[in-house]
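Trainee: The structure that follows is given in the form of structure tokens.
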Amino acid sequence: MLNLILDNRFAIASVILFVTGFANMMLHPNLIKKIVSFNIMDSATFLMLASRGMIAGRSAAILTDGGADVTRYVNPIPAGLVLTGIVVSVSVSAFSLALVQRIYGAYGTVDMRELLEAMKKKGE
Amino acid sequence: MPFAWNLPYLSVFLTMVTAILLSVIPGAKRAYWLTVGVSAAVTVMSLVFLRFIVKADAAYAFTMGKFPAPFGNEIRFGPLQGLLASVFGAVMCLSLLGGRAELFEDVDEKKMGLACVMLNMVLASLLVLSYTNDAFTAYVFIEISTIAACALVMIKDSGPTLVATIRYLFMSLLGSGLFLFSIILLYAITGHLLMPQLHESVQKLMADGAYTKVLALILAMMTAGLGVKSAMFPFHRWLPDAHGTATTTSSAVLSGLVVKGYAVLLITMYCRVFTLETVRAFHIHDAVFALGFCGMILGSVMALRETHAKRMLAYSSVAQLGYVFMGLGLGTEAGVAAALFQILAHAFTKPLLFVSVGRLAAAVHHDKQLRALRGTAWKAPLAGVGFGIGALSMVGIPLFGGFAAKVNFSTASIFTDQKIALTLFVLALSSVLNALYYIPALINIWSDRKEAALPETNEPGRDTSAAVAIVLLAGGVLFLGVCFTPVMNIIVRGLELM
Amino acid sequence: MSAFTNWVDGEHPVPLKTEFKPTPVKKPAKKRASLGDERRLDGFLRLYARCGVVISVMLLIVLLIGAVALPAFAAPGNPTDNEVVHRYVGSAEEETGAENVIAGMILNYRGFDTFGESCVLFLAVCCVMLLLWATNDRLRAEARACEKTAPRDAILATNAKMILPCVLCFGMCVLFNGHVSPGGGFSGGSILGAALILFAVAFGSDAVRRFFTAKVFNTVRITGLLIYASMFGVYIYQGANGIDSNLARYIVLVIDIAVGLVVMSTMYGFYSFYTKGEL
């Protein structure tokens with residue numbers, strides 16, 4: 001059992017992070033913290049992905065010998081996917097932060113519950 | 001290779017390049033008509049492509065670059081993808097035409113170009129989601145579709161739409177997070193991202209009995225992730241706000257198309273990567289069936305309680321998406337085909353209803369409470385007729401698209417072991433429930449306004465483009481209701497060739 | 001200089017355009033006439049919280065079971081260590097002209113994904129513009145007034161003068177050497193974007209506007225994406241139709257630079273729209 005856990009330590013860490021982000025995103029009333037938890041969730045997926053690319057005893061996939069020996073380098077695919085994921089996550093964070101800024105301007109709160117109440121009061 | 005096989009990728013690039021250019025092209029009118037033109041061009045291209053691919057009766061992989069399957073990006077198309085692309089393009093074009101007046105009222109003139117960027121990007125992402133042969137491309141375009149769809153809700157730029165947008169955005173992000181995680185797990189146990197290789201590896205793993213737990217987890221997460229995004233039952237709460245408060249074009253596009261894109265992707269993943277046998281082996285289809293079942297009934301019940309016309313239509317979308325998931329949950333080819341037909345039928349019907357309601361509400365200063373709409377059909381008769389056709393199709397009256405969809409579901413249920421009774425029961429119940437809110441609404445808009453003490457109406461004014469949209473969308477609904485056999489043949493053949 | 005002394009004395013207030021107040025502690029529910037609505041909302045939120053906790057705990061358990069069953073970390077011969085990786089590592093230099101396999105992979109083999117990714121960035125800027133672009137005069141005046149009150153910071157300006165050239169050089173280096181060393185369009189672009197933001201913070205956005213106007217911003221952003229779209233479009237056409245060409249060897253470098261431009265303008269665009277509502 002311990003061996004299994006040690007073998008998959010990064011996967012387990014990333015799963016715990018993922019659920020932390022997921023739960024916070026569902027449950028936290030504060031919109032800014034929701035955005036932060038979304039970022040935690042994304043980081044967890046990146047950790048998972050990056051750990052999948054690692055192969056013990058090999059170096060980063062920047063070729064120094066023209067790729068003559070393919071067993072010298074780690075898997076480059078996860079790195080590329082993480083790059084894509086980061087860009088997506090940055091974009092989405094920017095979008096949602098702008099949205100929160102506008103919502104704060106309109107209702108004076110970033111708390112989901114107060115927001116719902118304020119909307120009710122305005123009769124919207 | 002015939003030139004026609006380049007049309008899918010050309011249509012994707014056409015929409016994306018137009019979107020990029022639109023962000024700097026000045027002039028609201030120019031941006032709008034350019035977008036209409038591009039979606040019309042996509043429709044024509046897809047129809048031409050559909051004709052060739054149906055004639056060829058085969059499915060092809062098309063490498064996006066120099067390197068074929070396990071190495072480079074790829075798209076894959078058969079008759080089904082051609083059909084879906086044509087319908088997506090056509091409905092996009094007609095929704096744009098139908099909501100024109102309201103779009104120009106609701107959107108700041110300087111920001112019209114940006115709104116059109118979003119519309120184009122939605123279309124591009126829908127096309128890619130149905131064509132793609134690469135799981136990670138699917139993820140990237142899911143995100144494009146998420147951002148663009150959320151932006152479509154907020155282009156109206158009022159307080160409630162902003163709040164609806166952020167709720168929609170957060171739910172979508174949960175969904176795409178789950179989808180991304182499932183793809184990564186899939187990559188971890190197979191080492192591939194391209195669908196043909198994924199299929200092979202999954203088959204091999206199933207045969208060896210290796211990683212079954214992880215496979216079940218992947219299937220469940222993928223279903224849940226895409227389910228959240230296409231408003232599967234317990235995750236539907238964001239939909240009424242988002243679709244109910246947005247401007248008419250956005251509501252039509254979101255309800256008619258965007259949620260379908262994810263359902264189509266889920267079907268592709270089921271049929272092309274996992275195969276329905278695997279799905280059945282893990283009993284995922286039973287869960288999907290149950291959720292679809294609940295969605296059909298509870299969506300309609302919620303719609304019954306609504307007094308706001310657009311929110312009523314939005315809840316009805318939840319019910320209609322329940323049909324799609326019920327069809328998927330049957331776990332047979334016939335069930336999936338019926339679900340695809342329902343996707344097409346609903347893609348025409350719901351925009352028709354939204355456009356009609358938009359036109360009817362134009363006669364009462366855009367008040368969309370059902371009460372205020374009383375008698376407005378006499379002011380805008382064409383919209384009244386359009387609403388009638390849409391409502392009757394939703395209820396399931398013969399000759400309309402909704403009826404054909406229900407027939408398909410019933411026939412599909414015959415080939416399952418235990419679900420026949422449940423399916424027929426829920427179809428009947430949901431038809432009754434649909435009738436319970438669509439028929440009163442229909443009577444309401446055609447009845448006499450003078451009896452009720454309501455504020456004065458105004459003249460809605462002429463709107464040729466909305467008239468064209470209503471006629472063509474109604475034509476689509478009738479076409480699907482009358483000539484459903486050829487359409488069904490294309491779908492079934494497309495599924496075989498997946 | 002007086003601004004500086006004021007700053008040292010802590011006399012000028014921190015000028016924030018939008019102040020976020022912390023979430024107040026929940027007050028005990030007041031008895032009011034319209035209690036029904038509130039109770040319904042309370043009930044819903046409580047139910048939602050419970051469901052959320054249950055779902056999260058279940059998800060955690062299921063995911064942990066899945067995570068333990070995954071192939072072991074970093075073991076050679078995992079399913080991910082397959083012929084695709086060997087092909088990428090073995091032939092990337094020959095097929096794409098990039099020693100940095102990752103750059104070669106994302107810009108050539110999986111270039112369509114990366115095009116989608118650049119479009120995500122582009123869409124994000126468009127969304128931020130949709131939300132925060134001050135299109136009418138009142139909003140613009142408000143934003144301007146808010147900006148003028150912000151004093152120049154002497155320490156920051158002096159330091160920026162020393163740091164900026166280094167940051168710019170580093171950014172260029174990362175951007176232009178993306179295909180042979182770690183880096184590339186995305187990282188180089190964001191470093192350059194950070195340099196622009198630093199410049200704007202230190203010397204005021206009027207100074208940036210001297211060379212980076214809205215027109216330049218749009219041109220850079222659109223040109224970058226269009227270069228990518230047209231080049232990759234042609235590449236796909238050639239690749240899929242079996243037309244032989246040498247395009248594959250150039251696209252990595254050219255597209256890398258195009259992406260870098262897009263990312264740089266995007267990053268500065270975010271900053272600028274957040275703080276001023278315009279460029």
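Every chain in the structure tokens has a letter given in the order shown (A, B, ...), and although residue numbers restart at 1 in each chain, ligands are simply numbered from 1 in the order shown.
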Output as number ranges by chain the set of chain B residues within 9 Å of chain C, with distances taken over only C-alpha atoms.
Mentor: B: 1-3, 6, 9-10, 13, 16-17, 20-21, 23-24, 62-68, 70-74, 108, 110-111, 114-115, 117-118, 121, 136-138, 140-141, 143-144, 147-148, 151, 154-155, 157, 185, 187-192, 211, 213-215, 217-218
Trainee: Give me, as a PyMOL selection string, the residues of chain A touching chain C, with the criterion being at most 7 Å (counting only C-alpha atoms).
Mentor: chain A and resi 4-5+7-8+11-12+15-16+19+23+26-27+51-52+54-56+61-63+66-68+70+75-76+79-80+84+87-88+91-92+94-95+98-99+111
Trainee: Using only C-alpha atoms, find the one residue out of C:Met231, C:Ala134, C:Leu175, C:Val208 that sits nearest to Ile257 (chain C).
Mentor: C:Leu175
Trainee: Mind checking DSSP for chain A and telling me the strand (DSSP E or B) residues as a count of residues only?
Mentor: 5
Trainee: Need the shell around Ser316 (chain B): protein/DNA/RNA residues with any atom at most 7 Å away, counting only C-alpha atoms. Skip same-chain ones fewer than 6 positions apart. Format as a list in words?
Mentor: Gly299, Ser300 and Ala303 of chain B
Trainee: Now that the selection is made, can you save its residues with N, CA and C atoms as a PDB file, in the first residue's frame?
Mentor:
ATOM      1  N   GLY B 299     -37.368  19.712 -15.650  1.00  0.00           N
ATOM      2  CA  GLY B 299     -37.267  20.894 -16.503  1.00  0.00           C
ATOM      3  C   GLY B 299     -38.635  21.403 -16.874  1.00  0.00           C
ATOM      4  N   SER B 300     -39.530  20.480 -17.240  1.00  0.00           N
ATOM      5  CA  SER B 300     -40.872  20.896 -17.624  1.00  0.00           C
ATOM      6  C   SER B 300     -41.638  21.449 -16.433  1.00  0.00           C
ATOM      7  N   ALA B 303     -40.555  24.854 -15.848  1.00  0.00           N
ATOM      8  CA  ALA B 303     -41.068  25.735 -16.892  1.00  0.00           C
ATOM      9  C   ALA B 303     -42.525  26.087 -16.616  1.00  0.00           C
TER      10      ALA B 303
END
Trainee: Between B:Trp33, B:Phe170, B:Phe282, B:Phe49, single out the one closest to chain A, counting only C-alpha atoms.
Mentor: B:Phe170
Trainee: With a cut-off of 8 Å, could you pull out the residues of chain B touching chain A and give me the nearest pair of atoms for each, distance in Å to one decimal, using only C-alpha atoms, ordered by chain and ascending number, as CSV?
Mentor:
residue,atom,partner,partner_atom,distance
B:Val140,CA,A:Val88,CA,7.8
B:Glu143,CA,A:Val88,CA,7.3
B:Ile147,CA,A:Val92,CA,7.3
B:Gly159,CA,A:Ala106,CA,6.1
B:Pro160,CA,A:Glu124,CA,6.7
B:Leu162,CA,A:Ile103,CA,6.4
B:Val163,CA,A:Ile103,CA,6.9
B:Ile166,CA,A:Leu99,CA,7.0
B:Leu169,CA,A:Ser96,CA,7.7
B:Phe170,CA,A:Met25,CA,7.7
B:Leu173,CA,A:Phe38,CA,7.5
B:Leu174,CA,A:Phe22,CA,7.1
B:Gly177,CA,A:Asp42,CA,6.9
B:Leu180,CA,A:Thr45,CA,7.6
B:Phe181,CA,A:Thr45,CA,6.1
B:Ile184,CA,A:Leu49,CA,6.4
B:Ala188,CA,A:Arg52,CA,6.4
Trainee: Residues as selected, N, CA and C atoms, written as a tab-separated table (two decimals), in the first residue's frame, can you do that?
Mentor:
chain	number	residue	atom	x	y	z
B	140	VAL	N	-9.30	22.52	-26.08
B	140	VAL	CA	-9.01	23.93	-26.39
B	140	VAL	C	-10.26	24.61	-26.94
B	143	GLU	N	-12.88	25.44	-24.45
B	143	GLU	CA	-12.63	26.68	-23.73
B	143	GLU	C	-13.00	27.89	-24.58
B	147	ILE	N	-15.71	30.70	-23.31
B	147	ILE	CA	-15.48	32.14	-23.18
B	147	ILE	C	-16.42	32.90	-24.10
B	159	GLY	N	-27.02	44.69	-15.18
B	159	GLY	CA	-26.66	44.01	-13.94
B	159	GLY	C	-26.98	42.52	-13.95
B	160	PRO	N	-28.24	42.15	-14.20
B	160	PRO	CA	-28.58	40.73	-14.14
B	160	PRO	C	-27.80	39.88	-15.13
B	162	LEU	N	-24.77	40.36	-16.07
B	162	LEU	CA	-23.40	40.16	-15.56
B	162	LEU	C	-23.40	39.04	-14.54
B	163	VAL	N	-24.39	39.04	-13.63
B	163	VAL	CA	-24.43	38.00	-12.61
B	163	VAL	C	-24.70	36.64	-13.26
B	166	ILE	N	-21.49	35.35	-14.73
B	166	ILE	CA	-20.45	34.79	-13.86
B	166	ILE	C	-20.88	33.43	-13.34
B	169	LEU	N	-20.20	31.15	-16.17
B	169	LEU	CA	-18.77	30.96	-16.36
B	169	LEU	C	-18.23	29.96	-15.33
B	170	PHE	N	-18.62	30.12	-14.06
B	170	PHE	CA	-18.08	29.23	-13.04
B	170	PHE	C	-18.53	27.79	-13.26
B	173	LEU	N	-16.56	26.40	-16.05
B	173	LEU	CA	-15.16	26.12	-15.71
B	173	LEU	C	-15.05	24.83	-14.92
B	174	LEU	N	-16.03	24.59	-14.03
B	174	LEU	CA	-16.04	23.30	-13.34
B	174	LEU	C	-16.09	22.18	-14.37
B	177	GLY	N	-12.87	21.85	-16.29
B	177	GLY	CA	-11.85	21.28	-15.41
B	177	GLY	C	-11.98	19.77	-15.34
B	180	LEU	N	-10.86	18.25	-18.69
B	180	LEU	CA	-9.41	18.26	-18.86
B	180	LEU	C	-8.77	17.16	-18.01
B	181	PHE	N	-9.24	17.04	-16.76
B	181	PHE	CA	-8.66	16.03	-15.89
B	181	PHE	C	-8.88	14.64	-16.46
B	184	ILE	N	-6.46	13.98	-19.20
B	184	ILE	CA	-5.10	13.73	-18.72
B	184	ILE	C	-4.98	12.30	-18.19
B	188	ALA	N	-2.61	9.40	-19.44
B	188	ALA	CA	-1.68	8.70	-18.55
B	188	ALA	C	-1.73	7.20	-18.76
